[in-house]
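Participant: For reference, the file coords.cif (mmCIF, C-alpha atoms and all ligand atoms) is included below:
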```cif
data_target
loop_
_atom_site.label_atom_id
_atom_site.label_comp_id
_atom_site.auth_asym_id
_atom_site.auth_seq_id
_atom_site.Cartn_x
_atom_site.Cartn_y
_atom_site.Cartn_z
CA MET A 290 -0.68 -29.90 -1.23
CA ILE A 291 -1.50 -27.85 -4.34
CA GLN A 292 1.26 -26.92 -6.80
CA ALA A 293 1.01 -23.35 -8.09
CA LYS A 294 2.93 -21.47 -10.78
CA ALA A 295 4.70 -18.39 -9.47
CA TYR A 296 7.61 -15.99 -9.98
CA ALA A 297 10.33 -15.93 -7.35
CA ALA A 298 13.66 -14.28 -6.63
CA PRO A 299 16.13 -17.18 -6.12
CA ALA A 300 18.73 -14.87 -4.49
CA ALA A 301 19.26 -11.21 -3.60
CA ASP A 302 21.26 -10.46 -6.74
CA ALA A 303 19.28 -12.60 -9.21
CA PRO A 304 16.27 -11.66 -11.35
CA LEU A 305 12.87 -13.20 -10.64
CA VAL A 306 12.25 -16.46 -12.51
CA PRO A 307 9.31 -18.86 -13.01
CA VAL A 308 8.96 -21.46 -10.25
CA VAL A 309 6.38 -23.89 -8.87
CA ILE A 310 5.44 -23.41 -5.21
CA PRO A 311 3.28 -25.38 -2.78
CA ARG A 312 -0.03 -24.01 -1.49
CA ARG A 313 -1.84 -25.78 1.33
CA GLU A 314 -5.17 -27.58 0.85
CA PRO A 315 -7.79 -25.21 2.32
CA THR A 316 -8.42 -25.88 6.02
CA ALA A 317 -11.94 -25.34 7.45
CA ARG A 318 -11.38 -21.54 7.67
CA ASP A 319 -9.49 -21.08 4.41
CA VAL A 320 -10.41 -19.52 1.11
CA ARG A 321 -8.65 -20.59 -2.07
CA ILE A 322 -8.20 -17.74 -4.55
CA GLU A 323 -7.30 -17.68 -8.23
CA ILE A 324 -5.20 -14.50 -8.52
CA LEU A 325 -6.25 -12.17 -11.36
CA PHE A 326 -4.07 -9.11 -10.68
CA CYS A 327 -1.24 -8.31 -8.29
CA GLY A 328 0.14 -4.80 -7.78
CA VAL A 329 3.87 -4.17 -7.57
CA CYS A 330 4.93 -2.41 -4.36
CA HIS A 331 8.38 -0.99 -3.45
CA SER A 332 8.43 -3.46 -0.54
CA ASP A 333 8.42 -6.29 -3.09
CA LEU A 334 11.67 -5.03 -4.57
CA HIS A 335 13.28 -4.30 -1.19
CA THR A 336 12.45 -7.81 0.00
CA ALA A 337 13.39 -9.61 -3.24
CA ARG A 338 16.82 -7.93 -3.06
CA ASN A 339 17.23 -8.41 0.70
CA GLU A 340 17.58 -4.65 1.22
CA TRP A 341 15.95 -4.87 4.65
CA SER A 342 18.35 -7.60 5.82
CA GLY A 343 19.03 -5.74 9.08
CA VAL A 344 15.43 -5.91 10.30
CA TRP A 345 13.83 -8.53 8.10
CA PRO A 346 16.22 -10.83 6.19
CA THR A 347 14.80 -12.46 3.10
CA VAL A 348 14.39 -16.23 2.89
CA TYR A 349 14.83 -17.60 -0.65
CA PRO A 350 13.16 -18.40 -2.89
CA CYS A 351 11.10 -15.24 -2.32
CA VAL A 352 7.68 -14.79 -3.95
CA PRO A 353 6.67 -11.13 -3.41
CA GLY A 354 3.27 -9.50 -3.92
CA HIS A 355 0.78 -8.15 -1.39
CA GLU A 356 -1.70 -6.28 -3.56
CA ILE A 357 -3.78 -9.27 -4.57
CA VAL A 358 -7.13 -9.38 -6.35
CA GLY A 359 -8.76 -12.61 -7.43
CA ARG A 360 -11.75 -14.91 -7.51
CA VAL A 361 -12.68 -17.52 -4.91
CA THR A 362 -12.31 -21.04 -6.32
CA GLY A 363 -12.74 -23.06 -3.12
CA ILE A 364 -13.71 -22.66 0.54
CA GLY A 365 -13.25 -24.64 3.73
CA ALA A 366 -16.21 -26.20 5.57
CA SER A 367 -16.54 -23.39 8.16
CA VAL A 368 -16.14 -20.41 5.83
CA THR A 369 -19.10 -18.01 6.04
CA LYS A 370 -17.75 -14.68 4.72
CA HIS A 371 -17.03 -15.75 1.15
CA LYS A 372 -18.34 -18.17 -1.49
CA VAL A 373 -17.00 -19.65 -4.69
CA GLY A 374 -17.05 -17.05 -7.48
CA ASP A 375 -16.72 -13.97 -5.22
CA LEU A 376 -14.23 -11.24 -6.14
CA VAL A 377 -11.84 -10.84 -3.22
CA GLY A 378 -8.63 -9.15 -2.19
CA VAL A 379 -5.66 -9.90 0.06
CA GLY A 380 -3.26 -7.24 1.30
CA CYS A 381 -0.12 -7.22 3.45
CA LEU A 382 -1.44 -9.56 6.16
CA VAL A 383 -2.67 -13.15 5.98
CA ASP A 384 -3.00 -13.99 9.69
CA SER A 385 -2.54 -12.81 13.29
CA ASP A 386 -3.14 -14.27 16.76
CA HIS A 387 -6.68 -12.78 16.90
CA GLU A 388 -6.50 -12.28 20.67
CA CYS A 389 -3.94 -9.65 21.65
CA PRO A 390 -5.04 -6.08 22.48
CA GLN A 391 -4.04 -4.89 18.98
CA CYS A 392 -6.11 -7.58 17.27
CA ARG A 393 -9.07 -6.88 19.55
CA ALA A 394 -8.81 -3.21 18.58
CA ASP A 395 -8.91 -4.14 14.84
CA LYS A 396 -5.26 -3.17 14.42
CA GLU A 397 -3.90 -6.53 13.26
CA GLN A 398 -1.02 -4.74 11.50
CA PHE A 399 0.52 -4.16 14.95
CA CYS A 400 -0.03 -7.69 16.28
CA SER A 401 3.33 -9.10 17.35
CA ASN A 402 2.20 -12.46 15.93
CA ALA A 403 0.94 -11.10 12.62
CA THR A 404 1.78 -13.15 9.53
CA PHE A 405 2.75 -11.00 6.57
CA THR A 406 1.76 -12.12 3.09
CA TYR A 407 5.31 -12.96 2.03
CA ASN A 408 8.66 -13.67 3.71
CA ALA A 409 7.01 -14.43 7.08
CA PRO A 410 7.29 -17.78 8.90
CA ASP A 411 4.51 -20.03 7.52
CA LYS A 412 2.38 -21.19 10.48
CA HIS A 413 0.92 -23.98 8.37
CA GLY A 414 4.36 -25.35 7.51
CA THR A 415 3.58 -25.49 3.79
CA ALA A 416 6.94 -23.82 3.12
CA PRO A 417 9.56 -22.13 5.34
CA VAL A 418 8.00 -18.72 4.67
CA THR A 419 4.77 -17.37 3.20
CA TYR A 420 4.67 -16.81 -0.55
CA GLY A 421 2.94 -13.73 -1.97
CA GLY A 422 0.81 -12.79 -4.92
CA TYR A 423 3.15 -13.22 -7.90
CA SER A 424 1.41 -16.54 -8.32
CA GLU A 425 -1.64 -18.12 -9.95
CA SER A 426 -3.30 -18.87 -6.62
CA ILE A 427 -3.15 -18.36 -2.85
CA VAL A 428 -4.88 -19.89 0.19
CA VAL A 429 -5.79 -17.48 3.00
CA ASP A 430 -7.76 -17.53 6.28
CA GLU A 431 -11.18 -16.03 5.50
CA ARG A 432 -10.73 -13.39 8.18
CA PHE A 433 -7.96 -11.83 6.08
CA VAL A 434 -9.84 -12.00 2.78
CA LEU A 435 -11.61 -8.79 1.72
CA ARG A 436 -14.72 -8.18 -0.41
CA ILE A 437 -14.15 -6.20 -3.63
CA PRO A 438 -16.91 -3.81 -4.81
CA SER A 439 -18.28 -5.06 -8.14
CA ASN A 440 -18.17 -1.68 -9.94
CA LEU A 441 -14.37 -1.24 -9.95
CA ASP A 442 -11.71 -2.11 -12.54
CA LEU A 443 -9.77 -5.01 -11.04
CA ALA A 444 -6.29 -4.08 -12.33
CA GLY A 445 -6.68 -0.72 -10.59
CA VAL A 446 -8.13 -2.30 -7.44
CA ALA A 447 -5.02 -4.41 -6.71
CA PRO A 448 -2.85 -1.48 -5.46
CA LEU A 449 -5.62 -0.44 -3.06
CA LEU A 450 -4.63 -3.41 -0.88
CA CYS A 451 -1.32 -1.75 0.12
CA ALA A 452 -0.87 1.73 -1.41
CA GLY A 453 -4.59 2.41 -0.90
CA ILE A 454 -4.90 1.48 2.76
CA THR A 455 -1.49 3.05 3.56
CA THR A 456 -2.83 6.46 2.52
CA TYR A 457 -6.51 6.02 3.43
CA SER A 458 -5.83 5.07 7.05
CA PRO A 459 -4.00 8.27 8.11
CA LEU A 460 -6.39 10.49 6.14
CA HIS A 461 -9.35 8.73 7.75
CA ARG A 462 -7.76 9.25 11.17
CA GLY A 463 -7.34 12.93 10.24
CA GLN A 464 -11.02 12.98 9.29
CA LYS A 465 -12.00 11.64 12.74
CA GLU A 466 -9.75 14.27 14.38
CA GLY A 467 -11.38 17.09 12.39
CA LEU A 468 -8.26 17.81 10.30
CA VAL A 469 -9.43 16.33 6.98
CA GLY A 470 -12.75 17.13 5.27
CA PRO A 471 -14.76 20.04 3.89
CA GLY A 472 -13.18 23.39 4.81
CA LYS A 473 -9.86 21.73 5.71
CA LYS A 474 -6.60 22.20 3.83
CA VAL A 475 -4.72 18.95 3.20
CA GLY A 476 -1.27 18.58 1.68
CA ILE A 477 0.04 15.49 -0.11
CA VAL A 478 3.84 15.37 -0.43
CA GLY A 479 5.15 13.33 -3.36
CA LEU A 480 3.11 12.15 -6.33
CA GLY A 481 4.01 8.48 -6.75
CA GLY A 482 2.22 5.21 -6.03
CA LEU A 483 1.22 6.34 -2.53
CA GLY A 484 0.79 10.07 -3.20
CA HIS A 485 -1.56 9.66 -6.15
CA MET A 486 -3.88 7.58 -3.93
CA GLY A 487 -3.62 10.20 -1.17
CA VAL A 488 -4.83 12.87 -3.60
CA LYS A 489 -7.85 10.81 -4.63
CA PHE A 490 -8.86 10.00 -1.06
CA ALA A 491 -8.35 13.52 0.33
CA ARG A 492 -10.41 14.93 -2.55
CA ALA A 493 -13.19 12.38 -2.03
CA MET A 494 -13.24 13.25 1.69
CA GLY A 495 -14.07 16.83 0.68
CA ALA A 496 -10.80 18.56 1.62
CA HIS A 497 -8.99 21.33 -0.25
CA VAL A 498 -6.06 19.34 -1.65
CA VAL A 499 -2.59 20.72 -2.35
CA VAL A 500 0.08 18.49 -3.94
CA PHE A 501 3.76 19.11 -3.24
CA THR A 502 6.11 17.81 -5.89
CA THR A 503 9.73 18.44 -6.84
CA SER A 504 8.87 18.12 -10.50
CA GLU A 505 7.13 20.88 -12.48
CA LYS A 506 6.24 18.14 -14.98
CA LYS A 507 3.75 16.59 -12.53
CA ARG A 508 1.60 19.72 -12.22
CA THR A 509 -0.95 18.79 -14.90
CA ASP A 510 -1.25 15.23 -13.67
CA ALA A 511 -1.74 16.30 -10.04
CA LEU A 512 -4.65 18.51 -11.08
CA ARG A 513 -6.13 15.71 -13.17
CA LEU A 514 -5.94 13.35 -10.18
CA GLY A 515 -7.96 15.78 -8.07
CA ALA A 516 -5.60 18.35 -6.54
CA HIS A 517 -6.93 21.91 -6.23
CA GLU A 518 -3.43 23.39 -6.17
CA VAL A 519 0.11 22.20 -6.91
CA VAL A 520 3.26 23.54 -5.25
CA VAL A 521 6.71 22.84 -6.66
CA SER A 522 8.56 22.37 -3.39
CA ARG A 523 11.91 23.49 -4.84
CA ASN A 524 10.51 27.04 -5.21
CA PRO A 525 10.78 28.75 -1.77
CA GLY A 526 8.41 31.50 -2.89
CA GLU A 527 5.63 29.00 -3.66
CA MET A 528 6.16 27.26 -0.30
CA GLU A 529 6.08 30.51 1.72
CA LYS A 530 2.67 31.46 0.38
CA HIS A 531 1.20 28.48 2.30
CA ALA A 532 2.96 29.08 5.66
CA GLY A 533 0.84 28.14 8.69
CA SER A 534 -2.22 27.24 6.61
CA PHE A 535 -2.50 23.42 6.58
CA HIS A 536 -4.62 21.27 8.87
CA PHE A 537 -3.02 18.01 7.77
CA ILE A 538 -0.13 16.97 5.56
CA LEU A 539 0.44 13.40 4.36
CA ASP A 540 4.11 12.86 3.51
CA CYS A 541 4.56 9.98 1.05
CA VAL A 542 8.25 10.50 0.27
CA ALA A 543 10.72 7.68 0.97
CA ALA A 544 13.80 9.69 -0.06
CA GLU A 545 15.72 12.07 2.18
CA HIS A 546 13.90 15.44 2.43
CA ASP A 547 13.32 18.40 4.76
CA LEU A 548 10.46 17.77 7.19
CA ASN A 549 10.81 21.22 8.76
CA ALA A 550 9.75 22.87 5.51
CA TYR A 551 6.38 21.09 5.88
CA ILE A 552 6.02 21.61 9.64
CA GLN A 553 6.24 25.34 8.86
CA LEU A 554 3.24 25.01 6.59
CA LEU A 555 1.03 23.49 9.32
CA GLY A 556 -1.41 25.66 11.25
CA VAL A 557 -1.95 25.46 15.03
CA GLN A 558 -2.36 21.82 16.10
CA GLY A 559 -1.80 20.68 12.54
CA ASN A 560 -0.45 17.20 11.91
CA LEU A 561 2.21 15.86 9.55
CA THR A 562 1.90 12.10 9.02
CA LEU A 563 4.69 10.13 7.37
CA VAL A 564 4.05 6.96 5.38
CA GLY A 565 7.30 6.79 3.41
CA ALA A 566 10.36 5.33 5.14
CA PRO A 567 13.60 7.23 4.42
CA GLU A 568 16.65 5.07 5.11
CA LYS A 569 18.46 7.61 7.35
CA PRO A 570 17.05 9.67 10.26
CA LEU A 571 15.66 13.09 9.26
CA PRO A 572 16.51 16.23 11.29
CA LEU A 573 13.51 17.60 13.16
CA GLY A 574 13.46 21.22 14.39
CA VAL A 575 11.55 20.93 17.68
CA PHE A 576 10.89 24.69 17.95
CA GLY A 577 8.76 24.35 14.84
CA LEU A 578 6.55 21.88 16.70
CA LEU A 579 6.30 23.86 19.95
CA PHE A 580 4.99 27.04 18.33
CA GLY A 581 1.54 25.88 17.33
CA ALA A 582 1.51 22.56 19.23
CA LYS A 583 1.99 20.72 15.96
CA SER A 584 2.54 16.99 15.72
CA VAL A 585 4.42 14.53 13.55
CA SER A 586 3.08 10.95 13.24
CA GLY A 587 3.72 7.74 11.40
CA SER A 588 1.22 5.28 9.96
CA LEU A 589 1.45 1.68 8.73
CA ILE A 590 -1.13 0.14 6.35
CA GLY A 591 -4.36 -0.52 8.32
CA GLY A 592 -6.30 -3.27 10.06
CA ILE A 593 -8.60 -5.66 8.22
CA ALA A 594 -11.85 -3.85 9.15
CA GLU A 595 -10.43 -0.53 8.01
CA THR A 596 -9.13 -2.06 4.79
CA GLN A 597 -12.66 -3.30 4.04
CA GLU A 598 -14.01 0.16 4.84
CA MET A 599 -11.44 1.67 2.44
CA LEU A 600 -12.52 -0.73 -0.35
CA ASP A 601 -16.19 0.12 0.25
CA PHE A 602 -15.28 3.83 0.18
CA CYS A 603 -13.55 3.23 -3.18
CA GLY A 604 -16.64 1.45 -4.50
CA LYS A 605 -18.87 4.36 -3.44
CA HIS A 606 -16.59 7.04 -4.93
CA GLY A 607 -15.35 5.08 -7.97
CA ILE A 608 -11.73 5.21 -6.83
CA THR A 609 -8.99 2.92 -8.17
CA ALA A 610 -5.23 3.32 -8.65
CA ASP A 611 -3.86 4.53 -11.98
CA VAL A 612 -2.00 1.48 -13.25
CA GLU A 613 0.16 0.21 -16.07
CA ILE A 614 -0.75 -3.43 -16.65
CA ILE A 615 2.20 -5.74 -17.30
CA PRO A 616 2.63 -9.47 -17.90
CA ILE A 617 4.59 -11.27 -15.14
CA GLN A 618 7.44 -11.82 -17.63
CA LYS A 619 8.14 -8.04 -17.44
CA ILE A 620 8.56 -7.95 -13.66
CA ASN A 621 12.34 -7.47 -13.61
CA ASP A 622 12.07 -4.59 -16.07
CA ALA A 623 9.24 -3.14 -13.94
CA TYR A 624 11.53 -3.14 -10.87
CA GLU A 625 14.18 -1.14 -12.77
CA ARG A 626 11.54 1.32 -13.97
CA MET A 627 10.10 1.63 -10.45
CA ILE A 628 13.54 2.67 -9.15
CA ARG A 629 13.55 5.44 -11.77
CA SER A 630 9.95 6.43 -10.81
CA ASP A 631 9.06 5.61 -14.41
CA VAL A 632 5.49 4.45 -13.78
CA LYS A 633 2.10 6.15 -13.61
CA TYR A 634 1.47 5.28 -10.87
CA ARG A 635 1.62 1.59 -10.08
CA PHE A 636 2.36 -1.59 -12.02
CA SER A 637 -0.40 -4.19 -11.92
CA ILE A 638 0.52 -7.69 -13.06
CA ASP A 639 -2.08 -9.44 -15.21
CA MET A 640 -1.76 -12.93 -13.76
CA ALA A 641 -3.31 -14.53 -16.86
CA SER A 642 0.20 -14.09 -18.30
CA LEU A 643 1.46 -16.78 -15.93
CA LYS A 644 -0.78 -19.40 -17.56
CA GLY A 645 0.85 -19.18 -21.01
ZN ZN B 701 3.26 -2.66 -0.13
ZN ZN B 702 -2.73 -10.05 17.82
#
```
For the structure just supplied, provide its representation as structure tokens.
Facilitator:
Amino acid sequence: MIQAKAYAAPAADAPLVPVVIPRREPTARDVRIEILFCGVCHSDLHTARNEWSGVWPTVYPCVPGHEIVGRVTGIGASVTKHKVGDLVGVGCLVDSDHECPQCRADKEQFCSNATFTYNAPDKHGTAPVTYGGYSESIVVDERFVLRIPSNLDLAGVAPLLCAGITTYSPLHRGQKEGLVGPGKKVGIVGLGGLGHMGVKFARAMGAHVVVFTTSEKKRTDALRLGAHEVVVSRNPGEMEKHAGSFHFILDCVAAEHDLNAYIQLLGVQGNLTLVGAPEKPLPLGVFGLLFGAKSVSGSLIGGIAETQEMLDFCGKHGITADVEIIPIQKINDAYERMIRSDVKYRFSIDMASLKG
């Protein structure tokens, strides 16, 4: 067993503190990674504070983090995909059963035996549950380790592993369905960690991009990130101008909001895809869907092959997340700021801070 420095939540109502956790010795298929940066996702906070106790209770200590970028420092005897020194990434998944229909269709995120990067039963028995990326190192099956393009800034790459694939996957599906691309009008609702990635991807895919935000203050930033137009959704007049004109809308809002206002903006056979998860059910006016045969969908991260494709797409188009780099010692403060949406647009932890 390897001992690794990490930060963990010891209980739901306690701040994260420095700890030492076990990591397994690499098996034949494993890659050992020195973590350089780890993005901070809302799921980290929800899990650390046991806010999803109804569906996924947290086991303590809890080491969050599933936006991991690092360098390979060791490989098992059978590893062929990666070598020592490679820059690699790990996202929300570290294993699956590799044989169910979902796995065979490259949709490991829907495998009923998928192992999530943290707070999931540890198949290797190293600890009761898996420990995530707020740590100096991690050991992962090579099939769940991704190649990082060499031209990208690593702090900004980390959030691609969750926020990036979460927004790329539905937009890419829209692209395959002819709803996203040149000549197509694409809306991005909410300009936060997810939304700002959605803008970059939709723009790089060649679409006409419109950002919907509740805050007039975000107008300049939305345009800088690549939006062609910005609509302040609180202004009914601005919304009406776009009625029936969208091919695809990606809704990144996790707070309660009116879906019907966006369904109205879709054209015939347009699609609204949700990637945020509001706590309570949202009312859905079915008439709005019938007239125009519109659809509402959900989407959850992406499979490993698609995550690699997303990273390669980012390498080709020079896309990374806009990040504020923090030392691990600032993580509790970062959680409070994240709740206030006081971050542009994602925190990325510089893991060198853990060595001090
Ligand atoms: Zn996440
Ligand atoms: Zn499976």
Participant: Taking only C-alpha atoms and all ligand atoms into account, which residues are within 7 Å of ligand ZN 701 (chain B), as a ChimeraX atom specification?
Facilitator: /A:330-333,355,381,451-452
Participant: Work out how far apart CA of Ala394 in chain A and CA of Pro459 in chain A are and give it in Å to one decimal.
Facilitator: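 The value is 16.3 Å.
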Participant: Which residues of chain A have any atom within 12 Å of an atom in ligand ZN 702 (chain B) when counting all atoms listed in the file, and what is the closest pair of atoms for each, with the distance in Å to one decimal? Order the rows by chain and rising number and write it as a tab-separated table.
Facilitator:
```
residue	atom	partner	partner_atom	distance
A:Leu382	CA	B:ZN702	ZN	11.7
A:Asp384	CA	B:ZN702	ZN	9.0
A:Ser385	CA	B:ZN702	ZN	5.3
A:Asp386	CA	B:ZN702	ZN	4.4
A:His387	CA	B:ZN702	ZN	4.9
A:Glu388	CA	B:ZN702	ZN	5.2
A:Cys389	CA	B:ZN702	ZN	4.0
A:Pro390	CA	B:ZN702	ZN	6.5
A:Gln391	CA	B:ZN702	ZN	5.4
A:Cys392	CA	B:ZN702	ZN	4.2
A:Arg393	CA	B:ZN702	ZN	7.3
A:Ala394	CA	B:ZN702	ZN	9.2
A:Asp395	CA	B:ZN702	ZN	9.1
A:Lys396	CA	B:ZN702	ZN	8.1
A:Glu397	CA	B:ZN702	ZN	5.9
A:Gln398	CA	B:ZN702	ZN	8.4
A:Phe399	CA	B:ZN702	ZN	7.3
A:Cys400	CA	B:ZN702	ZN	3.9
A:Ser401	CA	B:ZN702	ZN	6.2
A:Asn402	CA	B:ZN702	ZN	5.8
A:Ala403	CA	B:ZN702	ZN	6.5
A:Thr404	CA	B:ZN702	ZN	9.9
A:Gly592	CA	B:ZN702	ZN	10.9
```
Participant: Which residues are near range 506-519 of chain A? Cut-off 8 Å, all atoms listed in the file, ignore same chain within fewer than 6 positions. Put them as an mmCIF file with C-alpha atoms, in the frame of the given file.
Facilitator:
```cif
data_model
loop_
_atom_site.group_PDB
_atom_site.id
_atom_site.type_symbol
_atom_site.label_atom_id
_atom_site.label_comp_id
_atom_site.auth_asym_id
_atom_site.auth_seq_id
_atom_site.Cartn_x
_atom_site.Cartn_y
_atom_site.Cartn_z
ATOM 1 C CA LEU A 480 3.110 12.150 -6.330
ATOM 2 C CA HIS A 485 -1.560 9.660 -6.150
ATOM 3 C CA VAL A 488 -4.830 12.870 -3.600
ATOM 4 C CA LYS A 489 -7.850 10.810 -4.630
ATOM 5 C CA ARG A 492 -10.410 14.930 -2.550
ATOM 6 C CA HIS A 497 -8.990 21.330 -0.250
ATOM 7 C CA VAL A 498 -6.060 19.340 -1.650
ATOM 8 C CA VAL A 499 -2.590 20.720 -2.350
ATOM 9 C CA VAL A 500 0.080 18.490 -3.940
#
```
Participant: With all atoms listed in the file as the counted atoms, please give the residues lying no more than 12 Å from range 526-536 of chain A, apart from itself and same-chain residues fewer than 5 positions off, as a PDB file with C-alpha atoms, in the coordinates of the input.
Facilitator:
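The result, written out as part.pdb:
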```pdb
ATOM      1  CA  LEU A 460      -6.390  10.490   6.140  1.00  0.00           C
ATOM      2  CA  GLY A 463      -7.340  12.930  10.240  1.00  0.00           C
ATOM      3  CA  GLN A 464     -11.020  12.980   9.290  1.00  0.00           C
ATOM      4  CA  GLU A 466      -9.750  14.270  14.380  1.00  0.00           C
ATOM      5  CA  GLY A 467     -11.380  17.090  12.390  1.00  0.00           C
ATOM      6  CA  LEU A 468      -8.260  17.810  10.300  1.00  0.00           C
ATOM      7  CA  VAL A 469      -9.430  16.330   6.980  1.00  0.00           C
ATOM      8  CA  GLY A 470     -12.750  17.130   5.270  1.00  0.00           C
ATOM      9  CA  PRO A 471     -14.760  20.040   3.890  1.00  0.00           C
ATOM     10  CA  GLY A 472     -13.180  23.390   4.810  1.00  0.00           C
ATOM     11  CA  LYS A 473      -9.860  21.730   5.710  1.00  0.00           C
ATOM     12  CA  LYS A 474      -6.600  22.200   3.830  1.00  0.00           C
ATOM     13  CA  VAL A 475      -4.720  18.950   3.200  1.00  0.00           C
ATOM     14  CA  GLY A 476      -1.270  18.580   1.680  1.00  0.00           C
ATOM     15  CA  ILE A 477       0.040  15.490  -0.110  1.00  0.00           C
ATOM     16  CA  ALA A 496     -10.800  18.560   1.620  1.00  0.00           C
ATOM     17  CA  HIS A 497      -8.990  21.330  -0.250  1.00  0.00           C
ATOM     18  CA  VAL A 498      -6.060  19.340  -1.650  1.00  0.00           C
ATOM     19  CA  VAL A 499      -2.590  20.720  -2.350  1.00  0.00           C
ATOM     20  CA  VAL A 500       0.080  18.490  -3.940  1.00  0.00           C
ATOM     21  CA  PHE A 501       3.760  19.110  -3.240  1.00  0.00           C
ATOM     22  CA  THR A 502       6.110  17.810  -5.890  1.00  0.00           C
ATOM     23  CA  THR A 503       9.730  18.440  -6.840  1.00  0.00           C
ATOM     24  CA  GLU A 518      -3.430  23.390  -6.170  1.00  0.00           C
ATOM     25  CA  VAL A 519       0.110  22.200  -6.910  1.00  0.00           C
ATOM     26  CA  VAL A 520       3.260  23.540  -5.250  1.00  0.00           C
ATOM     27  CA  VAL A 521       6.710  22.840  -6.660  1.00  0.00           C
ATOM     28  CA  ASN A 549      10.810  21.220   8.760  1.00  0.00           C
ATOM     29  CA  ALA A 550       9.750  22.870   5.510  1.00  0.00           C
ATOM     30  CA  TYR A 551       6.380  21.090   5.880  1.00  0.00           C
ATOM     31  CA  ILE A 552       6.020  21.610   9.640  1.00  0.00           C
ATOM     32  CA  GLN A 553       6.240  25.340   8.860  1.00  0.00           C
ATOM     33  CA  LEU A 554       3.240  25.010   6.590  1.00  0.00           C
ATOM     34  CA  LEU A 555       1.030  23.490   9.320  1.00  0.00           C
ATOM     35  CA  GLY A 556      -1.410  25.660  11.250  1.00  0.00           C
ATOM     36  CA  VAL A 557      -1.950  25.460  15.030  1.00  0.00           C
ATOM     37  CA  GLN A 558      -2.360  21.820  16.100  1.00  0.00           C
ATOM     38  CA  GLY A 559      -1.800  20.680  12.540  1.00  0.00           C
ATOM     39  CA  ASN A 560      -0.450  17.200  11.910  1.00  0.00           C
ATOM     40  CA  LEU A 561       2.210  15.860   9.550  1.00  0.00           C
ATOM     41  CA  THR A 562       1.900  12.100   9.020  1.00  0.00           C
ATOM     42  CA  GLY A 577       8.760  24.350  14.840  1.00  0.00           C
ATOM     43  CA  LEU A 578       6.550  21.880  16.700  1.00  0.00           C
ATOM     44  CA  PHE A 580       4.990  27.040  18.330  1.00  0.00           C
ATOM     45  CA  GLY A 581       1.540  25.880  17.330  1.00  0.00           C
ATOM     46  CA  ALA A 582       1.510  22.560  19.230  1.00  0.00           C
ATOM     47  CA  LYS A 583       1.990  20.720  15.960  1.00  0.00           C
ATOM     48  CA  SER A 584       2.540  16.990  15.720  1.00  0.00           C
TER      49      SER A 584
END
```
Participant: For Ile322 in chain A, which residue out of A:Leu435, A:Leu600, A:Val348, A:Val542 is the nearest one, using all atoms listed in the file?
Facilitator: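 For Ile322 in chain A, the nearest of the given residues is A:Leu435.
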Participant: Using only C-alpha atoms, which of A:Val428, A:Ala300, A:Val383, A:Ile310 sits nearest Thr362 in chain A?
Facilitator: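 Of A:Val428, A:Ala300, A:Val383, A:Ile310, the one nearest Thr362 in chain A is A:Val428, counting only C-alpha atoms.
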Participant: Contacts of Ala293 in chain A at 8 Å or less, counting all atoms listed in the file, minus same-chain residues fewer than 5 places along, as a PyMOL selection string?
Facilitator: chain A and resi 309-312+424-426
Participant: Rank nothing, just name the residue among A:Phe602, A:Phe576, A:Phe433, A:Trp341 nearest to Val320 in chain A, using all atoms listed in the file.
Facilitator: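 Ranking A:Phe602, A:Phe576, A:Phe433, A:Trp341 by distance to Val320 in chain A, first place goes to A:Phe433.
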Participant: Enter the distance from CA of Ala297 in chain A to CA of Pro350 in chain A, in Å, rounded to one decimal.
Facilitator: 5.8 Å
Participant: What does the distance from CA of Arg462 in chain A to CA of Gly481 in chain A come to in Å, to one decimal?
Facilitator: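 For CA of Arg462 in chain A relative to CA of Gly481 in chain A, the distance reads 21.5 Å.
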Participant: Please, what is the axis-aligned box for every listed atom of range 499-505 of chain A with 3 Å on each side, as centre and edge lengths in Å to one decimal, as AutoDock Vina command-line options?
Facilitator:
```
--center_x 3.6 --center_y 19.3 --center_z -7.4 --size_x 18.3 --size_y 9.1 --size_z 16.1
```
Participant: Which one of A:Ile364, A:Gln618, A:Val446, A:Glu340 sits closest to Val306 in chain A if you count all atoms listed in the file?
Facilitator: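 Of the candidates, the smallest distance to Val306 in chain A is held by A:Gln618.
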